[in-house]
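Trainee: First, the structure itself, so that you have it in front of you.
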Amino acid sequence: MLKGIRPDWWPKGWCIHQMDVHNAFLNGDLLEEVYMTVPAGLARQGEQGKKKFKMKDLGELNFFLGIEVSKSSKGIHLSQRKYALELIAETSLGGAKPAATPLKQNLKLTSAKYDEAVAPKGEHEDPILKDPDRYQRLVGRLLYLTMTRPDLAFSIQKPS
């Protein structure tokens, strides 16, 4: 449930609409703080805004950046079910068995440099990754998943 949004406004018939404003973001680095306000006319009437700015109404908000948004009388629910299922499929882990605790207790992760300094040559428990970019991308995607799954945050933060 999204914190800070009172569910009592929902029965009033309010909804969240998604608009795509073309060229809303500049392609460049900003070195100063930017404060934005709603353009004149857009707050009062969406049609006036469409005349002044090239924009497309995407309708009621259902998906945003891989997050499913659904509403009920109790409030807003955010879910990344589809994102998680795609991640499982891409990593070929569809047949993996679920674990009650996704991380061993008292697990200590070390770097390859540490292992080389402590362990005799060639006696590492784990092989060094041939493609660390792939691993880093996976960890990044898993970190994104913790937005709606805080229960996974510790287990995913550890390898990151």
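In the structure tokens, each chain is lettered A, B, ... as it comes, each chain's residues begin at 1, and ligands are numbered from 1 in order of appearance.
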When you look at Gly140 (chain A) with a cut-off of 12 Å (counting only C-alpha atoms), what residues show up, excluding the ones that are within fewer than 4 positions of it in the same chain? I need them as a compact mmCIF listing (two decimals) with C-alpha atoms, in the first residue's frame.
Mentor:
```txt
# COMPACT_ATOMS: atom_id res chain seq x y z
CA LEU A 87 13.39 -11.63 -14.33
CA ASP A 133 28.70 -6.98 -16.03
CA ARG A 134 25.98 -9.62 -16.26
CA TYR A 135 26.12 -10.17 -12.48
CA GLN A 136 26.04 -6.42 -11.80
CA TYR A 144 14.87 -2.34 -8.26
CA LEU A 145 12.56 -5.17 -7.19
CA THR A 146 13.02 -4.24 -3.51
CA MET A 147 10.92 -1.13 -4.10
CA ALA A 153 16.08 -5.92 0.65
CA ILE A 156 19.73 -8.43 -2.23
CA GLN A 157 21.72 -5.63 -0.60
CA PRO A 159 25.69 -9.10 -2.82
CA SER A 160 25.40 -5.55 -4.14
```
Trainee: At a cut-off of 12 Å, using only C-alpha atoms, what residues contact Glu86 (chain A)? Leave out same-chain residues fewer than 4 positions from it and give the result as an mmCIF file with N, CA, C and O atoms, in the first residue's frame.
Mentor:
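Output contents, as saved in part_30.cif:
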```cif
data_model
loop_
_atom_site.group_PDB
_atom_site.id
_atom_site.type_symbol
_atom_site.label_atom_id
_atom_site.label_comp_id
_atom_site.auth_asym_id
_atom_site.auth_seq_id
_atom_site.Cartn_x
_atom_site.Cartn_y
_atom_site.Cartn_z
ATOM 1 N N GLY A 66 7.613 -0.406 -14.902
ATOM 2 C CA GLY A 66 7.629 -1.801 -14.480
ATOM 3 C C GLY A 66 6.840 -2.071 -13.218
ATOM 4 O O GLY A 66 6.875 -3.174 -12.679
ATOM 5 N N GLN A 80 5.208 -5.490 -8.503
ATOM 6 C CA GLN A 80 6.155 -5.734 -9.586
ATOM 7 C C GLN A 80 6.111 -7.207 -9.980
ATOM 8 O O GLN A 80 7.116 -7.775 -10.374
ATOM 9 N N ARG A 81 4.944 -7.823 -9.910
ATOM 10 C CA ARG A 81 4.791 -9.243 -10.225
ATOM 11 C C ARG A 81 5.291 -9.562 -11.630
ATOM 12 O O ARG A 81 6.077 -10.476 -11.837
ATOM 13 N N LYS A 82 4.834 -8.774 -12.608
ATOM 14 C CA LYS A 82 5.237 -9.007 -14.000
ATOM 15 C C LYS A 82 6.746 -8.850 -14.148
ATOM 16 O O LYS A 82 7.407 -9.650 -14.806
ATOM 17 N N GLU A 90 14.126 -14.712 -17.578
ATOM 18 C CA GLU A 90 15.390 -14.345 -18.223
ATOM 19 C C GLU A 90 16.590 -15.059 -17.609
ATOM 20 O O GLU A 90 17.570 -15.336 -18.287
ATOM 21 N N THR A 91 16.520 -15.344 -16.318
ATOM 22 C CA THR A 91 17.634 -16.001 -15.633
ATOM 23 C C THR A 91 17.473 -17.517 -15.606
ATOM 24 O O THR A 91 18.284 -18.208 -15.001
ATOM 25 N N SER A 92 16.437 -18.029 -16.245
ATOM 26 C CA SER A 92 16.145 -19.472 -16.317
ATOM 27 C C SER A 92 16.036 -20.101 -14.928
ATOM 28 O O SER A 92 16.508 -21.205 -14.694
ATOM 29 N N LEU A 93 15.380 -19.393 -14.007
ATOM 30 C CA LEU A 93 15.203 -19.900 -12.648
ATOM 31 C C LEU A 93 13.754 -20.309 -12.372
ATOM 32 O O LEU A 93 13.354 -20.410 -11.223
ATOM 33 N N GLY A 94 12.994 -20.562 -13.436
ATOM 34 C CA GLY A 94 11.596 -20.943 -13.273
ATOM 35 C C GLY A 94 11.405 -22.236 -12.509
ATOM 36 O O GLY A 94 10.414 -22.414 -11.818
ATOM 37 N N ARG A 141 18.907 -5.093 -11.119
ATOM 38 C CA ARG A 141 17.485 -5.395 -11.359
ATOM 39 C C ARG A 141 16.814 -5.914 -10.095
ATOM 40 O O ARG A 141 15.659 -5.598 -9.819
ATOM 41 N N LEU A 142 17.559 -6.709 -9.316
ATOM 42 C CA LEU A 142 17.012 -7.196 -8.054
ATOM 43 C C LEU A 142 16.835 -6.051 -7.054
ATOM 44 O O LEU A 142 15.850 -6.025 -6.306
ATOM 45 N N LEU A 145 13.694 -4.370 -7.678
ATOM 46 C CA LEU A 145 12.565 -5.168 -7.193
ATOM 47 C C LEU A 145 12.260 -4.897 -5.721
ATOM 48 O O LEU A 145 11.121 -5.039 -5.283
#
```
Trainee: For CA of Pro132 (chain A) and CA of Ala96 (chain A), quote the distance in Å rounded to one decimal.
Mentor: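 Here the two named atoms are 22.4 Å from each other.
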Trainee: Under the rule that only C-alpha atoms are counted, which of A:Leu107, A:Arg149, A:Ile88, A:Leu61 is the nearest residue to Ile76 (chain A)?
Mentor: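 Of A:Leu107, A:Arg149, A:Ile88, A:Leu61, the one nearest Ile76 (chain A) is A:Leu61, counting only C-alpha atoms.
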Trainee: With distances taken over only C-alpha atoms, which of A:Gly28, A:Pro127, A:Pro150, A:Gly59 is nearest to Asp115 (chain A)?
Mentor: A:Pro127
